[in-house]
Amino acid sequence: MRPSKPMSEINLNKAAIALDFGGTNIKIGLIRQGKVLNQTLLPAHSGAGIIPRLPDVQAAVMDLLEQEGLALGNCSGVGIGLPGLVDPQHLSLLSINEKYADAVGFAFGAWVEEAFGLPIVMENDARAALLGETVYGTAHGESNAVLMIFGTGIGTAALMNGKIIRGRHFQAGILGGHFVTDVNGSRCSCGGVGCLEAEASHWSLQGWLKNQQGYANSLLAIESNIGYRQVIDASQSGDMLALSAMQHLYKHWSSGIVNLVHAYDPDVVILSGGLMKAKDIVLPELVRRVHEQAWTPWGKVRFIVAENPDSSVLLGLSHLIEEGIDIDYV
């Protein structure tokens, strides 16, 4: 059920249905020619699996169509983005870490056929986000780029010479959150040691802080749920533990970006996700450190911040539907 026609043969007046299955929220959008007609989100409850959420997803899509006065016949296809190793040729999820466990091997094509009767495309969510940013977003027209998304975990993707990097086993480019930034570091949920996610992701931050000396006397000790925002705010108030935490985070974030730069030779680094709400605070220091550490004799890599990160995956999925199977990959 994949679209098999190039964009020139697909009716661009039709809307694409895009489903971004994130770990925290499921984003659902109707997209036409790079414009978001309407979108909504549902809580993911990803630990309970994907199958129980599909009836609500279907209902939310139908509700959006009704709001826009559209029928399924006005739609060109369904795009599904997932945070794991996706085989887009066989429309299957090969592996995923600590969420949507029942999605591995699930027949997404059969579900889309039954629920919507439309063609389907599937892709890893970070790759879809990179497509969304380079085709329709702030990095429009860039052909050599890497993306780092600061969400619950840390997602990445890479574009080289206009081709999205996928690899023989569909994992190239997307495992930047599991590049090792401390060989003596913490155990990661993926099974590795010292991964960027284990050291400096949103999900690992609270555990790291509670193991630090001085935690009991920190402003952060009164927070019930500690994330990037709380640490940044406390650091701006001069809290010593928060200031130390920011140095720890900068060290690992910048090392992760440098690894991407060395691996994929981009002109531009695209940063996205919740952390970028504090870009005025964190971006200058990240840029300084990366420029100081990266081996780029040709010049300095540029930084771009996604303006509408909640739409990046949806836009990328719509582009995949428009292009059918003609997207260029390595």
# chains A, B, ... in the order shown; residues from 1 in each chain; ligands from 1
>>> residues_around(residues="Ala107 (chain A)", least_positions_apart="6", cutoff="12 Å", atoms="only C-alpha atoms", output="mmCIF file with N, CA, C and O atoms, in the first residue's frame")
data_model
loop_
_atom_site.group_PDB
_atom_site.id
_atom_site.type_symbol
_atom_site.label_atom_id
_atom_site.label_comp_id
_atom_site.auth_asym_id
_atom_site.auth_seq_id
_atom_site.Cartn_x
_atom_site.Cartn_y
_atom_site.Cartn_z
ATOM 1 N N MET A 1 0.803 -1.213 0.000
ATOM 2 C CA MET A 1 0.000 0.000 0.000
ATOM 3 C C MET A 1 0.839 1.267 0.000
ATOM 4 O O MET A 1 0.340 2.353 0.215
ATOM 5 N N ILE A 50 0.950 0.334 21.529
ATOM 6 C CA ILE A 50 0.366 1.168 20.489
ATOM 7 C C ILE A 50 -1.038 0.699 20.084
ATOM 8 O O ILE A 50 -1.904 1.511 19.747
ATOM 9 N N ILE A 51 -1.261 -0.596 20.145
ATOM 10 C CA ILE A 51 -2.536 -1.147 19.660
ATOM 11 C C ILE A 51 -3.742 -0.578 20.411
ATOM 12 O O ILE A 51 -4.743 -0.212 19.784
ATOM 13 N N HIS A 90 9.052 -2.596 4.038
ATOM 14 C CA HIS A 90 8.109 -3.634 4.443
ATOM 15 C C HIS A 90 7.087 -3.128 5.459
ATOM 16 O O HIS A 90 6.328 -3.920 6.034
ATOM 17 N N LEU A 91 7.092 -1.810 5.678
ATOM 18 C CA LEU A 91 6.099 -1.170 6.548
ATOM 19 C C LEU A 91 6.053 -1.818 7.922
ATOM 20 O O LEU A 91 4.995 -2.194 8.436
ATOM 21 N N SER A 92 7.237 -1.933 8.531
ATOM 22 C CA SER A 92 7.290 -2.588 9.830
ATOM 23 C C SER A 92 8.270 -1.886 10.762
ATOM 24 O O SER A 92 9.221 -1.232 10.324
ATOM 25 N N LEU A 93 8.013 -2.027 12.049
ATOM 26 C CA LEU A 93 8.916 -1.555 13.090
ATOM 27 C C LEU A 93 9.775 -2.727 13.537
ATOM 28 O O LEU A 93 9.258 -3.758 13.975
ATOM 29 N N LEU A 94 11.102 -2.574 13.416
ATOM 30 C CA LEU A 94 12.023 -3.670 13.714
ATOM 31 C C LEU A 94 12.425 -3.723 15.179
ATOM 32 O O LEU A 94 12.627 -4.800 15.739
ATOM 33 N N GLU A 113 -5.209 0.190 5.957
ATOM 34 C CA GLU A 113 -6.170 -0.228 4.934
ATOM 35 C C GLU A 113 -7.565 -0.371 5.542
ATOM 36 O O GLU A 113 -8.555 0.106 4.968
ATOM 37 N N GLU A 114 -7.629 -0.984 6.708
ATOM 38 C CA GLU A 114 -8.940 -1.196 7.336
ATOM 39 C C GLU A 114 -9.527 0.105 7.859
ATOM 40 O O GLU A 114 -10.724 0.366 7.716
ATOM 41 N N ILE A 120 0.045 3.983 2.513
ATOM 42 C CA ILE A 120 0.770 4.242 3.756
ATOM 43 C C ILE A 120 2.255 4.390 3.477
ATOM 44 O O ILE A 120 2.813 3.707 2.605
ATOM 45 N N MET A 122 5.924 4.776 6.080
ATOM 46 C CA MET A 122 6.422 4.736 7.453
ATOM 47 C C MET A 122 7.871 5.177 7.478
ATOM 48 O O MET A 122 8.627 4.927 6.536
#
>>> closest_atom_pairs(of="region 165-280 of chain A", to="region 128-148 of chain A", cutoff="9 Å", atoms="only C-alpha atoms", output="Markdown table")
| residue | atom | partner | partner_atom | distance |
| --- | --- | --- | --- | --- |
| A:Gly173 | CA | A:Val146 | CA | 8.4 |
| A:Gly176 | CA | A:Met148 | CA | 8.0 |
| A:Gly177 | CA | A:Met148 | CA | 8.4 |
| A:Gly256 | CA | A:Met148 | CA | 9.0 |
| A:Ile257 | CA | A:Met148 | CA | 7.7 |
| A:Leu260 | CA | A:Val146 | CA | 6.9 |
| A:Val261 | CA | A:Val146 | CA | 7.6 |
| A:Tyr264 | CA | A:Val146 | CA | 7.4 |
| A:Asp265 | CA | A:Asn144 | CA | 7.4 |
| A:Pro266 | CA | A:Ala145 | CA | 4.6 |
| A:Asp267 | CA | A:Asn144 | CA | 5.6 |
| A:Val268 | CA | A:Ala145 | CA | 4.9 |
| A:Val269 | CA | A:Val146 | CA | 5.1 |
| A:Ile270 | CA | A:Leu147 | CA | 4.6 |
| A:Leu271 | CA | A:Met148 | CA | 5.1 |
| A:Ser272 | CA | A:Met148 | CA | 6.2 |
| A:Gly273 | CA | A:Met148 | CA | 8.2 |
>>> closest_residue(among="A:Ala59, A:Ala44, A:Leu64, A:Ile154", to="Thr24 (chain A)", atoms="only C-alpha atoms")
A:Ala44
>>> residues_around(residues="region 196-201 of chain A", least_positions_apart="4", cutoff="9 Å", atoms="only C-alpha atoms", output="ChimeraX atom specification")
/A:150-154,176-182,185-189,192,205,208,227-228,248-253,255-256
>>> write_last_selection(atoms="N, CA and C atoms", output="PDB file, in the first residue's frame")
ATOM      1  N   PHE A 150      15.874  17.262  21.238  1.00  0.00           N
ATOM      2  CA  PHE A 150      15.900  17.080  22.683  1.00  0.00           C
ATOM      3  C   PHE A 150      14.465  16.884  23.166  1.00  0.00           C
ATOM      4  N   GLY A 151      14.035  15.625  23.230  1.00  0.00           N
ATOM      5  CA  GLY A 151      12.714  15.294  23.741  1.00  0.00           C
ATOM      6  C   GLY A 151      12.869  14.543  25.047  1.00  0.00           C
ATOM      7  N   THR A 152      12.047  13.515  25.264  1.00  0.00           N
ATOM      8  CA  THR A 152      12.234  12.662  26.431  1.00  0.00           C
ATOM      9  C   THR A 152      13.615  12.018  26.365  1.00  0.00           C
ATOM     10  N   GLY A 153      13.965  11.528  25.187  1.00  0.00           N
ATOM     11  CA  GLY A 153      15.320  11.080  24.903  1.00  0.00           C
ATOM     12  C   GLY A 153      15.988  12.088  23.975  1.00  0.00           C
ATOM     13  N   ILE A 154      16.975  11.637  23.218  1.00  0.00           N
ATOM     14  CA  ILE A 154      17.667  12.503  22.260  1.00  0.00           C
ATOM     15  C   ILE A 154      17.675  11.789  20.917  1.00  0.00           C
ATOM     16  N   GLY A 176      22.293   8.739  17.311  1.00  0.00           N
ATOM     17  CA  GLY A 176      23.202   9.712  17.909  1.00  0.00           C
ATOM     18  C   GLY A 176      23.002   9.883  19.400  1.00  0.00           C
ATOM     19  N   GLY A 177      21.798   9.619  19.883  1.00  0.00           N
ATOM     20  CA  GLY A 177      21.568   9.661  21.325  1.00  0.00           C
ATOM     21  C   GLY A 177      22.277   8.546  22.064  1.00  0.00           C
ATOM     22  N   HIS A 178      22.792   7.577  21.309  1.00  0.00           N
ATOM     23  CA  HIS A 178      23.504   6.444  21.906  1.00  0.00           C
ATOM     24  C   HIS A 178      24.970   6.411  21.492  1.00  0.00           C
ATOM     25  N   PHE A 179      25.454   7.524  20.937  1.00  0.00           N
ATOM     26  CA  PHE A 179      26.897   7.718  20.848  1.00  0.00           C
ATOM     27  C   PHE A 179      27.426   7.825  22.281  1.00  0.00           C
ATOM     28  N   VAL A 180      28.564   7.221  22.546  1.00  0.00           N
ATOM     29  CA  VAL A 180      29.122   7.238  23.903  1.00  0.00           C
ATOM     30  C   VAL A 180      29.841   8.561  24.146  1.00  0.00           C
ATOM     31  N   THR A 181      29.441   9.253  25.212  1.00  0.00           N
ATOM     32  CA  THR A 181      30.109  10.501  25.585  1.00  0.00           C
ATOM     33  C   THR A 181      30.867  10.374  26.911  1.00  0.00           C
ATOM     34  N   ASP A 182      30.801   9.199  27.543  1.00  0.00           N
ATOM     35  CA  ASP A 182      31.571   8.936  28.765  1.00  0.00           C
ATOM     36  C   ASP A 182      31.711   7.422  28.910  1.00  0.00           C
ATOM     37  N   GLY A 185      30.616   6.075  32.156  1.00  0.00           N
ATOM     38  CA  GLY A 185      29.372   6.688  32.585  1.00  0.00           C
ATOM     39  C   GLY A 185      28.308   5.712  33.044  1.00  0.00           C
ATOM     40  N   SER A 186      27.070   6.209  33.022  1.00  0.00           N
ATOM     41  CA  SER A 186      25.925   5.464  33.539  1.00  0.00           C
ATOM     42  C   SER A 186      25.436   4.431  32.526  1.00  0.00           C
ATOM     43  N   ARG A 187      24.766   3.422  33.036  1.00  0.00           N
ATOM     44  CA  ARG A 187      24.136   2.416  32.183  1.00  0.00           C
ATOM     45  C   ARG A 187      22.932   3.032  31.486  1.00  0.00           C
ATOM     46  N   CYS A 188      22.830   2.830  30.189  1.00  0.00           N
ATOM     47  CA  CYS A 188      21.735   3.393  29.396  1.00  0.00           C
ATOM     48  C   CYS A 188      20.603   2.381  29.259  1.00  0.00           C
ATOM     49  N   SER A 189      19.416   2.865  28.980  1.00  0.00           N
ATOM     50  CA  SER A 189      18.269   1.982  28.781  1.00  0.00           C
ATOM     51  C   SER A 189      18.446   1.084  27.562  1.00  0.00           C
ATOM     52  N   GLY A 192      23.764   0.018  26.679  1.00  0.00           N
ATOM     53  CA  GLY A 192      25.111   0.558  26.609  1.00  0.00           C
ATOM     54  C   GLY A 192      25.514   1.271  27.886  1.00  0.00           C
ATOM     55  N   LEU A 205      17.980  12.875  33.676  1.00  0.00           N
ATOM     56  CA  LEU A 205      18.484  14.021  34.430  1.00  0.00           C
ATOM     57  C   LEU A 205      18.160  13.937  35.918  1.00  0.00           C
ATOM     58  N   TRP A 208      20.398  11.563  37.814  1.00  0.00           N
ATOM     59  CA  TRP A 208      21.762  12.090  37.967  1.00  0.00           C
ATOM     60  C   TRP A 208      21.819  13.111  39.089  1.00  0.00           C
ATOM     61  N   GLY A 227      13.212  18.467  35.103  1.00  0.00           N
ATOM     62  CA  GLY A 227      13.611  18.392  33.703  1.00  0.00           C
ATOM     63  C   GLY A 227      14.530  19.531  33.354  1.00  0.00           C
ATOM     64  N   TYR A 228      14.814  19.678  32.063  1.00  0.00           N
ATOM     65  CA  TYR A 228      15.719  20.732  31.609  1.00  0.00           C
ATOM     66  C   TYR A 228      15.278  22.110  32.109  1.00  0.00           C
ATOM     67  N   HIS A 248      27.662  19.967  33.257  1.00  0.00           N
ATOM     68  CA  HIS A 248      27.602  18.549  32.902  1.00  0.00           C
ATOM     69  C   HIS A 248      26.811  18.365  31.604  1.00  0.00           C
ATOM     70  N   LEU A 249      25.655  19.008  31.503  1.00  0.00           N
ATOM     71  CA  LEU A 249      24.821  18.873  30.314  1.00  0.00           C
ATOM     72  C   LEU A 249      25.499  19.446  29.083  1.00  0.00           C
ATOM     73  N   TYR A 250      26.077  20.627  29.199  1.00  0.00           N
ATOM     74  CA  TYR A 250      26.773  21.241  28.057  1.00  0.00           C
ATOM     75  C   TYR A 250      27.893  20.334  27.545  1.00  0.00           C
ATOM     76  N   LYS A 251      28.623  19.732  28.470  1.00  0.00           N
ATOM     77  CA  LYS A 251      29.733  18.861  28.078  1.00  0.00           C
ATOM     78  C   LYS A 251      29.236  17.706  27.211  1.00  0.00           C
ATOM     79  N   HIS A 252      28.152  17.069  27.642  1.00  0.00           N
ATOM     80  CA  HIS A 252      27.654  15.907  26.909  1.00  0.00           C
ATOM     81  C   HIS A 252      26.889  16.305  25.650  1.00  0.00           C
ATOM     82  N   TRP A 253      26.063  17.340  25.722  1.00  0.00           N
ATOM     83  CA  TRP A 253      25.348  17.800  24.523  1.00  0.00           C
ATOM     84  C   TRP A 253      26.336  18.165  23.416  1.00  0.00           C
ATOM     85  N   SER A 255      29.470  17.271  23.070  1.00  0.00           N
ATOM     86  CA  SER A 255      30.185  16.084  22.593  1.00  0.00           C
ATOM     87  C   SER A 255      29.331  15.288  21.618  1.00  0.00           C
ATOM     88  N   GLY A 256      28.036  15.166  21.917  1.00  0.00           N
ATOM     89  CA  GLY A 256      27.142  14.467  21.004  1.00  0.00           C
ATOM     90  C   GLY A 256      27.049  15.145  19.651  1.00  0.00           C
TER      91      GLY A 256
END
>>> atom_distance(atom1="CA of Gly191 (chain A)", atom2="CA of Gly22 (chain A)")
21.1 Å
>>> closest_residue(among="A:Val301, A:Cys75, A:Leu19, A:Ile80", to="Ala60 (chain A)", atoms="only C-alpha atoms")
A:Leu19
>>> select_by_dssp(residues="region 37-110 of chain A", states="alpha helix (DSSP H)", output="list in words")
Leu54, Pro55, Asp56, Val57, Gln58, Ala59, Ala60, Val61, Met62, Asp63, Leu64, Leu65, Glu66, Gln67, Phe108, Gly109 and Ala110 of chain A
>>> write_last_selection(atoms="C-alpha atoms", output="short mmCIF file (atom, residue, chain, number, x, y, z; two decimals), in the first residue's frame")
data_model
loop_
_atom_site.label_atom_id
_atom_site.label_comp_id
_atom_site.auth_asym_id
_atom_site.auth_seq_id
_atom_site.Cartn_x
_atom_site.Cartn_y
_atom_site.Cartn_z
CA LEU A 54 -5.24 3.04 17.52
CA PRO A 55 -9.05 3.40 17.88
CA ASP A 56 -8.56 6.83 19.48
CA VAL A 57 -6.08 7.79 16.77
CA GLN A 58 -8.57 6.80 14.08
CA ALA A 59 -11.32 8.78 15.80
CA ALA A 60 -9.07 11.85 16.10
CA VAL A 61 -8.24 11.70 12.39
CA MET A 62 -11.92 11.51 11.46
CA ASP A 63 -12.65 14.44 13.79
CA LEU A 64 -9.95 16.56 12.10
CA LEU A 65 -11.35 15.69 8.68
CA GLU A 66 -14.83 16.71 9.81
CA GLN A 67 -13.52 20.02 11.16
CA PHE A 108 0.56 -1.21 10.09
CA GLY A 109 -0.37 -1.54 6.42
CA ALA A 110 -3.35 -3.75 7.25
#
